[in-house]
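This report concerns only the one structure given below.
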Amino acid sequence: METLKRAFNDRRAVVGALILIVLGLMALLAPLLAQHPPSQLSNDTWLHPNSQHWLGTTALGQDVFSQLLYGSRLSLLVGLVTGLIATVISVIVGLASAFFGGVVDDILSGITNIFLVLPGLPLVIVAAAYLQVSGVVPVIAVISFTGWAWGARVLRSQALSLRDRDFVQAAVAGGEGPLRVIFAEILPNMVGLIAANFFGAALYAVLAEAGLEFLGVGDVSQVTWGTMLYWAQSSQALLQGAWPWIATPGLCIAALGTAFALLNFAVDEVANPRLRSERVAAESKPLALKPAGAPPAGDALLQLRHLEAGYLTEKGTVRAVKDVNLEVHRGEFLGIAGESGCGKSTLAFAVAQLLRPPGQVLSGEVWLNGQELVRLPPEALRQTRWKDFSMVFQSSMNALNPVMRVGDQIADAMRAHGVSDKSLIEARVKELFGMVGIRPEYMVAYPHQLSGGMKQRVVIAIALALEPRLVIMDEPTTALDVVVQRSILQEIDAVRRRLNLSIVFITHDLSLLVEMSDRVAIMYAGEIVELAPSHDLYANPLHPYTRRLMNAFPPLEGERTRRDGIAGRPPDLGRVIQGCPFAPRCDRAMTGLCEVVAPLRLEVSAGHVVACHLYDPNVMKGRAEDHAIAAD
Amino acid sequence: MLYLLHKFALLLLTLWAALTINFFLPRLVPGNPIGAMIAKYQGRLDPNAAKALMIAYGLEGHDKNVLTQYGDYLFKLTKGDLGRSISFFPAPVTEMIGGAAPWTIGLVGVSTVFSFLLGSGLGVYTAARRGSRFADALVPLALFLNSVPYFWFALIALYVFAFLLGWFPLGGGVDIVTGPNWSLSWILSVVAHAILPGATIVLTAMGGWLIAMRNNLVSTLGEDYVAFARAKGLSETRVLYAYGIRNAILPSLTAFGMALGFVLGGSILTEVVFGYPGLGTLLYHSVTSLDYPLMQAIFLFISLAVLVANFLVDATYALLDPRVRTGQA
């Protein structure tokens, strides 16, 4: 239901609903509004619009305006009822197909496919011609009969993907009967799609009905917009100059169809999250950024200064990265760890200038090799990309273009940066494939022909293509099994040492980072709460969150004991957080302090920075004094 | 290859379904369609035609059961025998279809391809330029065009551009007095007659393609591989074409195959409005004169045309999508 509610926040849906309401009122109030009975004949034929007959009269002297009003009744009825019947058939066929699978699915999908390609309108015309229809019931029947297939197909694939989701699996495993699963678990999650389908089917019904009636195949004795057009056309109304007789029913049909189409479009957009986020994207405007400061003086390759990034949503700004200050040195392996939802990926995308609206860098600076990336013009940024820094995505399964050979996906990156010699490119691709452990024959393979691990290696090979100074890796190996993961990591590290690359490696697997990194940063709620050389962090984790993270993974050596997770969840980044964001989950939180005052970032030993009141000598001294006073 | 075989099997299956529907429709209808037809013609029907009809519909000897009739029907079809027209007795319906089909294939085929290309092109534009006023205004306009009945739009166009302004002929497929077929003047006349009906089909069908392509492309531009392409520093044009459109066109193609039947149905009505000498007008004629054999044959032919077109689209799809081509979809 949420999707439907949200759909009505959309201007298009509102317009669609308004049109529908106006047409509905026409149908309801026809007896009050019409000055003449719709079918009453008179001698006043072919009258032009006048005060008696607002839209003129027909060849038989009937009032066009009255016909238009009364015509809306059947036209609306057929559209809505047919849409409903077709949708019900779609839902039943689609769900049965998806839920029962096997032979049932084969048969139902086969029938659906047949109905999808059979030309609907000619079939309806022929069927209606045989039925010699009277009344609207046969019209509704034949149009429903041909109009359900598209919906069944769409709903089937949606139900299939729902069926594999955890909550449905859980319900099935929990012994719930198929009907209960369908009605309690699957249907409520398909409301948006079903609604979109209903409007689509209703649109088809309105047009098919109008077409049938126009041909005179329906029951032409009834007053509908379609039959009005039939009589108008067979009386050659346009040649008589009686254009309102033709223009108005057609416009009404188009208006009704548009109303359904608008509603279909709006609901579809809400039900399809991707279309939706893109809509917000189109509407959000970039913020004005303050000019950047002076370039960094030190030898850091990458320097982040007060970097803030987030997402502009309808409910306000979600600040996913807050005041991050960080340096990465040449040849350094920097790890960033934290639970999911802590802003790690947003940070990576913000550094790489890859946030797409509604996401964006809100303020701060990203200095890479003397260039400030946030404020770099698009073309300069494009040229810097991949040459100076590259990025490996979290979801490498989807990072490769499915219709392009993987070798070409390396080649086009090289060509975009000025390497045009074909043999040079080919040699380089071979070399890169060797570097990441893939046989060169796979250069001509398409992504779907590779395993997950191989795709990941290809993505890493692409990232290394132009020997950038910095590679940002956003959970590059999370989706892979441990053995593959290890071998890929070793290769990355070997390449790093050979080429003196800097790597920013993001993962939720802290034990992995401790093993591989020079330094590790711990992120929580968009902030870096601890930063230390990895051996230091391992030996002496300070922040209570880091300690809990450490404890959540088995130690590298020694006895295996039961691990506890961390109770609770990271905070909602859309809200303003007071005090220390970890305070509500922290077992060492100091009441009256931690949830009120945000801790400062302090360097407690060489290179070891932590943001926690426990390590702030001023705070602790003050508290000790308070305790002393209280004890007195 | 497996994919194309599968699609071909579907074609045959669907064709069989169309044949079967065609066979059973007149038999499922309450009452006696032939009786209705004979009654309608009120003795003006050629006795031979009436007899041929009775035989064709198996209504003569009640000794044959439905299955035998069905077998006979299929057997006759394999020989290309679809019976004779009632309203133009004794013309074989295949001959009549042969006369009308080229007009429809020319008009509807060309304008459908045009509208697909134009609509998809504009769909790309509206997706790539989201946020610009003109691009965003095109979307509701497309929804409106997609909701306009084809024949109504045709009527208005005919009235304004042919009747009031006199820019185009009022109807028909070609002027009779323009000289021999395929002479220059004949061709020009054909084109002049096709422009207005063609334009109405292009305009009304375009909206659907526009919306489909726009939504596909918007979805595709949100894919990880597009973000990755951008991260590689490819130009926006390259990202849009090789990564965005190249992938977004695939579901659009599938939709093209599916919508073909609908577009063709709409075009039938357009033909009627313009008195265009194609299958649509012929179907209309057969429906109004209760010429069942002709009606059925036209339905079969249209089904066949749609199925073949669909198969061609599927084959194109296979060319464009390596996942299908290598049989691992």
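Chain labels run A, B, ... following the order of the structure tokens; each chain numbers its residues from 1, and ligands are numbered from 1 in the order shown.
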Residues near Arg588 in chain A, cut-off 12 Å, only C-alpha atoms, skip fewer than 3 positions along chain, as number ranges by chain: A: 542-545, 547-548, 580, 582-585, 591, 593-595, 612-614
Name all residues at most 8 Å from range 167-174 of chain A (count only C-alpha atoms; drop same-chain ones fewer than 5 positions away) and give them as a PyMOL selection string. chain A and resi 162+181+185-186
**Request:** Do a neighbour search on range 296-313 of chain B at 8 Å with only C-alpha atoms, toss out local chain neighbours closer than 6 positions, and write the hits as a ChimeraX atom specification.
**Result:** /A:117-119,122-123,126 /B:7-8,11,14-15,18-19,22,82,93-94,97,253-254,256-258,260-261,279,283
Residue subset to file, keeping N, CA and C atoms, as a PDB file, in the first residue's frame:
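The result, written out as part_36.pdb:
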```
ATOM      1  N   VAL A 117       1.989 -13.046 -28.577  1.00  0.00           N
ATOM      2  CA  VAL A 117       2.324 -12.738 -29.964  1.00  0.00           C
ATOM      3  C   VAL A 117       1.128 -12.809 -30.897  1.00  0.00           C
ATOM      4  N   LEU A 118       0.036 -13.439 -30.468  1.00  0.00           N
ATOM      5  CA  LEU A 118      -1.154 -13.427 -31.325  1.00  0.00           C
ATOM      6  C   LEU A 118      -1.621 -11.983 -31.463  1.00  0.00           C
ATOM      7  N   PRO A 119      -1.903 -11.543 -32.671  1.00  0.00           N
ATOM      8  CA  PRO A 119      -2.360 -10.154 -32.814  1.00  0.00           C
ATOM      9  C   PRO A 119      -3.712  -9.966 -32.149  1.00  0.00           C
ATOM     10  N   PRO A 122      -7.001  -7.899 -34.126  1.00  0.00           N
ATOM     11  CA  PRO A 122      -7.664  -8.702 -35.168  1.00  0.00           C
ATOM     12  C   PRO A 122      -8.420  -9.887 -34.581  1.00  0.00           C
ATOM     13  N   LEU A 123      -7.829 -10.511 -33.563  1.00  0.00           N
ATOM     14  CA  LEU A 123      -8.513 -11.649 -32.936  1.00  0.00           C
ATOM     15  C   LEU A 123      -9.815 -11.195 -32.288  1.00  0.00           C
ATOM     16  N   VAL A 126     -12.408 -10.556 -35.018  1.00  0.00           N
ATOM     17  CA  VAL A 126     -12.965 -11.776 -35.577  1.00  0.00           C
ATOM     18  C   VAL A 126     -13.895 -12.449 -34.565  1.00  0.00           C
TER      19      VAL A 126
ATOM     20  N   LYS B   7      12.663 -20.471 -30.319  1.00  0.00           N
ATOM     21  CA  LYS B   7      11.755 -19.432 -30.808  1.00  0.00           C
ATOM     22  C   LYS B   7      10.947 -19.946 -31.995  1.00  0.00           C
ATOM     23  N   PHE B   8      11.599 -20.747 -32.832  1.00  0.00           N
ATOM     24  CA  PHE B   8      10.897 -21.280 -33.996  1.00  0.00           C
ATOM     25  C   PHE B   8       9.802 -22.245 -33.543  1.00  0.00           C
ATOM     26  N   LEU B  11       7.001 -20.236 -32.512  1.00  0.00           N
ATOM     27  CA  LEU B  11       6.288 -19.736 -33.698  1.00  0.00           C
ATOM     28  C   LEU B  11       5.294 -20.785 -34.190  1.00  0.00           C
ATOM     29  N   THR B  14       2.445 -21.221 -31.739  1.00  0.00           N
ATOM     30  CA  THR B  14       1.499 -20.116 -31.771  1.00  0.00           C
ATOM     31  C   THR B  14       0.660 -20.151 -33.044  1.00  0.00           C
ATOM     32  N   LEU B  15       1.323 -20.509 -34.135  1.00  0.00           N
ATOM     33  CA  LEU B  15       0.599 -20.613 -35.399  1.00  0.00           C
ATOM     34  C   LEU B  15      -0.490 -21.673 -35.266  1.00  0.00           C
ATOM     35  N   ALA B  18      -3.293 -20.298 -33.347  1.00  0.00           N
ATOM     36  CA  ALA B  18      -4.119 -19.398 -34.155  1.00  0.00           C
ATOM     37  C   ALA B  18      -5.033 -20.211 -35.071  1.00  0.00           C
ATOM     38  N   LEU B  19      -4.471 -21.250 -35.686  1.00  0.00           N
ATOM     39  CA  LEU B  19      -5.266 -22.110 -36.578  1.00  0.00           C
ATOM     40  C   LEU B  19      -6.418 -22.743 -35.818  1.00  0.00           C
ATOM     41  N   ASN B  22      -9.046 -20.328 -34.843  1.00  0.00           N
ATOM     42  CA  ASN B  22      -9.758 -20.040 -36.082  1.00  0.00           C
ATOM     43  C   ASN B  22     -10.781 -21.128 -36.409  1.00  0.00           C
ATOM     44  N   LEU B  82      -7.784 -21.943 -48.475  1.00  0.00           N
ATOM     45  CA  LEU B  82      -8.476 -21.288 -47.373  1.00  0.00           C
ATOM     46  C   LEU B  82      -9.941 -21.043 -47.710  1.00  0.00           C
ATOM     47  N   VAL B  93     -10.030 -16.798 -51.349  1.00  0.00           N
ATOM     48  CA  VAL B  93      -9.607 -15.758 -50.410  1.00  0.00           C
ATOM     49  C   VAL B  93      -8.106 -15.504 -50.479  1.00  0.00           C
ATOM     50  N   THR B  94      -7.356 -16.535 -50.826  1.00  0.00           N
ATOM     51  CA  THR B  94      -5.901 -16.340 -50.911  1.00  0.00           C
ATOM     52  C   THR B  94      -5.570 -15.286 -51.964  1.00  0.00           C
ATOM     53  N   ILE B  97      -6.329 -11.877 -50.538  1.00  0.00           N
ATOM     54  CA  ILE B  97      -5.295 -11.476 -49.577  1.00  0.00           C
ATOM     55  C   ILE B  97      -4.029 -11.081 -50.319  1.00  0.00           C
ATOM     56  N   LEU B 253      13.518  -4.215 -27.856  1.00  0.00           N
ATOM     57  CA  LEU B 253      13.299  -5.087 -29.007  1.00  0.00           C
ATOM     58  C   LEU B 253      12.246  -6.145 -28.685  1.00  0.00           C
ATOM     59  N   THR B 254      12.364  -6.727 -27.502  1.00  0.00           N
ATOM     60  CA  THR B 254      11.366  -7.720 -27.094  1.00  0.00           C
ATOM     61  C   THR B 254       9.986  -7.086 -27.106  1.00  0.00           C
ATOM     62  N   PHE B 256       9.061  -4.636 -28.832  1.00  0.00           N
ATOM     63  CA  PHE B 256       8.693  -4.377 -30.217  1.00  0.00           C
ATOM     64  C   PHE B 256       7.963  -5.581 -30.797  1.00  0.00           C
ATOM     65  N   GLY B 257       8.521  -6.755 -30.582  1.00  0.00           N
ATOM     66  CA  GLY B 257       7.883  -7.973 -31.069  1.00  0.00           C
ATOM     67  C   GLY B 257       6.487  -8.150 -30.488  1.00  0.00           C
ATOM     68  N   MET B 258       6.398  -7.908 -29.170  1.00  0.00           N
ATOM     69  CA  MET B 258       5.122  -8.104 -28.494  1.00  0.00           C
ATOM     70  C   MET B 258       4.066  -7.114 -28.983  1.00  0.00           C
ATOM     71  N   LEU B 260       3.848  -5.574 -31.763  1.00  0.00           N
ATOM     72  CA  LEU B 260       3.592  -5.593 -33.199  1.00  0.00           C
ATOM     73  C   LEU B 260       2.133  -5.904 -33.507  1.00  0.00           C
ATOM     74  N   GLY B 261       1.596  -6.893 -32.810  1.00  0.00           N
ATOM     75  CA  GLY B 261       0.207  -7.287 -33.032  1.00  0.00           C
ATOM     76  C   GLY B 261      -0.746  -6.140 -32.746  1.00  0.00           C
ATOM     77  N   LEU B 279      -5.109  -4.987 -46.050  1.00  0.00           N
ATOM     78  CA  LEU B 279      -5.800  -6.048 -45.320  1.00  0.00           C
ATOM     79  C   LEU B 279      -6.798  -5.510 -44.310  1.00  0.00           C
ATOM     80  N   LEU B 283     -10.441  -6.679 -44.090  1.00  0.00           N
ATOM     81  CA  LEU B 283     -10.988  -7.301 -42.885  1.00  0.00           C
ATOM     82  C   LEU B 283     -12.289  -6.599 -42.483  1.00  0.00           C
TER      83      LEU B 283
END
```
Counting only C-alpha atoms, what is within 9 Å of Gly198 in chain B, bar same-chain residues fewer than 4 positions away, as an mmCIF file with C-alpha atoms, in the first residue's frame?
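around.cif written:
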```cif
data_model
loop_
_atom_site.group_PDB
_atom_site.id
_atom_site.type_symbol
_atom_site.label_atom_id
_atom_site.label_comp_id
_atom_site.auth_asym_id
_atom_site.auth_seq_id
_atom_site.Cartn_x
_atom_site.Cartn_y
_atom_site.Cartn_z
ATOM 1 C CA LEU B 107 2.338 0.977 -45.359
ATOM 2 C CA VAL B 108 2.252 -0.618 -41.948
ATOM 3 C CA VAL B 110 7.458 0.958 -43.108
ATOM 4 C CA SER B 111 5.567 3.171 -40.680
ATOM 5 C CA THR B 112 6.004 0.713 -37.800
ATOM 6 C CA HIS B 193 -1.464 8.362 -50.767
ATOM 7 C CA ALA B 194 0.673 6.704 -48.118
ATOM 8 C CA VAL B 202 3.994 6.739 -36.894
ATOM 9 C CA LEU B 203 2.695 9.400 -34.528
ATOM 10 C CA THR B 270 -6.265 3.509 -39.923
#
```
- When distances are computed from only C-alpha atoms, which of A:Asn43, A:Gln67, A:Asn401, A:Asn500 shows the smallest separation from chain B?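 So, comparing all the options, the nearest one is A:Asn401.
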Open item on the list: Using Å and a single decimal, report how far CA of Ala348 in chain A sits from CA of Met550 in chain A.
Closed with: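 Between these atoms lies a distance of 22.6 Å.
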(Q) Between A:Ala465, A:Val484, A:Leu60, A:Met397, which residue has the minimum interatomic distance to Gly452 in chain A, considering only C-alpha atoms? (A)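 Answer, going by the shortest atom-to-atom distance: A:Met397.
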Shell around Ser115 in chain B at 9 Å using only C-alpha atoms, local window under 2 positions removed, as a PDB file with N, CA and C atoms, in the first residue's frame:
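Everything below was put into selection-v9.pdb:
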```
ATOM      1  N   VAL B 110       6.554  -0.196 -43.093  1.00  0.00           N
ATOM      2  CA  VAL B 110       7.458   0.958 -43.108  1.00  0.00           C
ATOM      3  C   VAL B 110       7.147   1.899 -41.951  1.00  0.00           C
ATOM      4  N   SER B 111       5.843   2.183 -41.736  1.00  0.00           N
ATOM      5  CA  SER B 111       5.567   3.171 -40.680  1.00  0.00           C
ATOM      6  C   SER B 111       5.839   2.603 -39.295  1.00  0.00           C
ATOM      7  N   THR B 112       5.696   1.282 -39.111  1.00  0.00           N
ATOM      8  CA  THR B 112       6.004   0.713 -37.800  1.00  0.00           C
ATOM      9  C   THR B 112       7.497   0.816 -37.503  1.00  0.00           C
ATOM     10  N   VAL B 113       8.294   0.488 -38.506  1.00  0.00           N
ATOM     11  CA  VAL B 113       9.737   0.592 -38.298  1.00  0.00           C
ATOM     12  C   VAL B 113      10.129   2.045 -38.021  1.00  0.00           C
ATOM     13  N   LEU B 117      11.851   3.504 -34.596  1.00  0.00           N
ATOM     14  CA  LEU B 117      13.132   4.210 -34.576  1.00  0.00           C
ATOM     15  C   LEU B 117      12.968   5.612 -33.999  1.00  0.00           C
ATOM     16  N   LEU B 118      11.941   6.309 -34.466  1.00  0.00           N
ATOM     17  CA  LEU B 118      11.724   7.679 -34.008  1.00  0.00           C
ATOM     18  C   LEU B 118      11.392   7.699 -32.517  1.00  0.00           C
ATOM     19  N   GLY B 119      10.474   6.810 -32.108  1.00  0.00           N
ATOM     20  CA  GLY B 119      10.064   6.759 -30.703  1.00  0.00           C
ATOM     21  C   GLY B 119      11.227   6.374 -29.811  1.00  0.00           C
ATOM     22  N   SER B 120      11.981   5.365 -30.214  1.00  0.00           N
ATOM     23  CA  SER B 120      13.114   4.947 -29.383  1.00  0.00           C
ATOM     24  C   SER B 120      14.162   6.050 -29.312  1.00  0.00           C
ATOM     25  N   ALA B 199       1.856   8.710 -41.628  1.00  0.00           N
ATOM     26  CA  ALA B 199       2.209   9.660 -40.570  1.00  0.00           C
ATOM     27  C   ALA B 199       1.340   9.441 -39.327  1.00  0.00           C
ATOM     28  N   ILE B 201       0.040   6.639 -38.320  1.00  0.00           N
ATOM     29  CA  ILE B 201       0.501   5.423 -37.627  1.00  0.00           C
ATOM     30  C   ILE B 201       1.796   5.724 -36.862  1.00  0.00           C
ATOM     31  N   VAL B 202       2.716   6.416 -37.540  1.00  0.00           N
ATOM     32  CA  VAL B 202       3.994   6.739 -36.894  1.00  0.00           C
ATOM     33  C   VAL B 202       3.746   7.519 -35.604  1.00  0.00           C
ATOM     34  N   LEU B 203       2.904   8.536 -35.695  1.00  0.00           N
ATOM     35  CA  LEU B 203       2.695   9.400 -34.528  1.00  0.00           C
ATOM     36  C   LEU B 203       2.016   8.665 -33.379  1.00  0.00           C
ATOM     37  N   THR B 204       0.969   7.901 -33.687  1.00  0.00           N
ATOM     38  CA  THR B 204       0.242   7.265 -32.590  1.00  0.00           C
ATOM     39  C   THR B 204       1.027   6.111 -31.986  1.00  0.00           C
ATOM     40  N   ALA B 205       1.810   5.416 -32.811  1.00  0.00           N
ATOM     41  CA  ALA B 205       2.543   4.270 -32.279  1.00  0.00           C
ATOM     42  C   ALA B 205       3.812   4.703 -31.563  1.00  0.00           C
ATOM     43  N   MET B 206       4.273   5.918 -31.883  1.00  0.00           N
ATOM     44  CA  MET B 206       5.564   6.376 -31.377  1.00  0.00           C
ATOM     45  C   MET B 206       5.602   6.465 -29.848  1.00  0.00           C
ATOM     46  N   GLY B 207       4.490   6.936 -29.276  1.00  0.00           N
ATOM     47  CA  GLY B 207       4.468   7.187 -27.834  1.00  0.00           C
ATOM     48  C   GLY B 207       4.872   5.968 -27.028  1.00  0.00           C
ATOM     49  N   TRP B 209       6.731   3.372 -27.905  1.00  0.00           N
ATOM     50  CA  TRP B 209       8.169   3.074 -28.003  1.00  0.00           C
ATOM     51  C   TRP B 209       8.970   4.060 -27.178  1.00  0.00           C
TER      52      TRP B 209
END
```
* To do: Would you mind listing what lies within 6 Å of range 437-444 of chain A as a ChimeraX atom specification, with only C-alpha atoms counted and same-chain residues fewer than 6 positions away left out?
  => /A:405-407,430
Generate the output file for the selected residues, C-alpha atoms, as a PDB file, in the first residue's frame.
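Okay, this is what ended up in result26.pdb:
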```
ATOM      1  CA  ARG A 405      33.857  -8.781 -24.770  1.00  0.00           C
ATOM      2  CA  VAL A 406      35.912  -8.402 -21.613  1.00  0.00           C
ATOM      3  CA  GLY A 407      39.087  -7.606 -23.556  1.00  0.00           C
ATOM      4  CA  LYS A 430      47.429 -10.014 -22.352  1.00  0.00           C
TER       5      LYS A 430
END
```
Practice prompt. For range 211-225 of chain B, please output as a PyMOL selection string all residues within 6 Å (counting only C-alpha atoms; exclusion window: fewer than 6 positions along the same chain).
Written response: (chain A and resi 274+398-401) or (chain B and resi 120+123-124+127+244+248+252)
Restricting it to C-alpha atoms, dump the selection as a compact mmCIF listing (two decimals), in the first residue's frame.
```txt
# COMPACT_ATOMS: atom_id res chain seq x y z
CA ARG A 274 15.57 2.44 -9.97
CA ASN A 398 27.50 -6.39 -12.45
CA ALA A 399 30.44 -4.13 -13.19
CA LEU A 400 31.04 -5.59 -16.63
CA ASN A 401 28.98 -4.68 -19.67
CA SER B 120 13.11 4.95 -29.38
CA GLY B 123 13.07 7.85 -25.67
CA VAL B 124 16.86 7.95 -25.54
CA ALA B 127 16.20 9.55 -20.67
CA GLY B 244 23.56 2.47 -21.92
CA ALA B 248 18.60 -0.78 -23.12
CA SER B 252 12.88 -2.60 -26.18
```
- Which one is closest to chain B: A:Thr346, A:Thr477, A:Thr248, A:Ser363? Count only C-alpha atoms.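 Once distances to chain B are computed over only C-alpha atoms, the minimum belongs to A:Thr248.
Of the residues listed (B:Val191, B:Asp291, B:Asp321, B:Ser185), B:Asp321 shows the shortest atom-to-atom separation from Arg246 in chain B; distances use only C-alpha atoms.
Taking CA of Pro358 in chain A and CA of Thr126 in chain B as endpoints, the distance between them is 18.7 Å.
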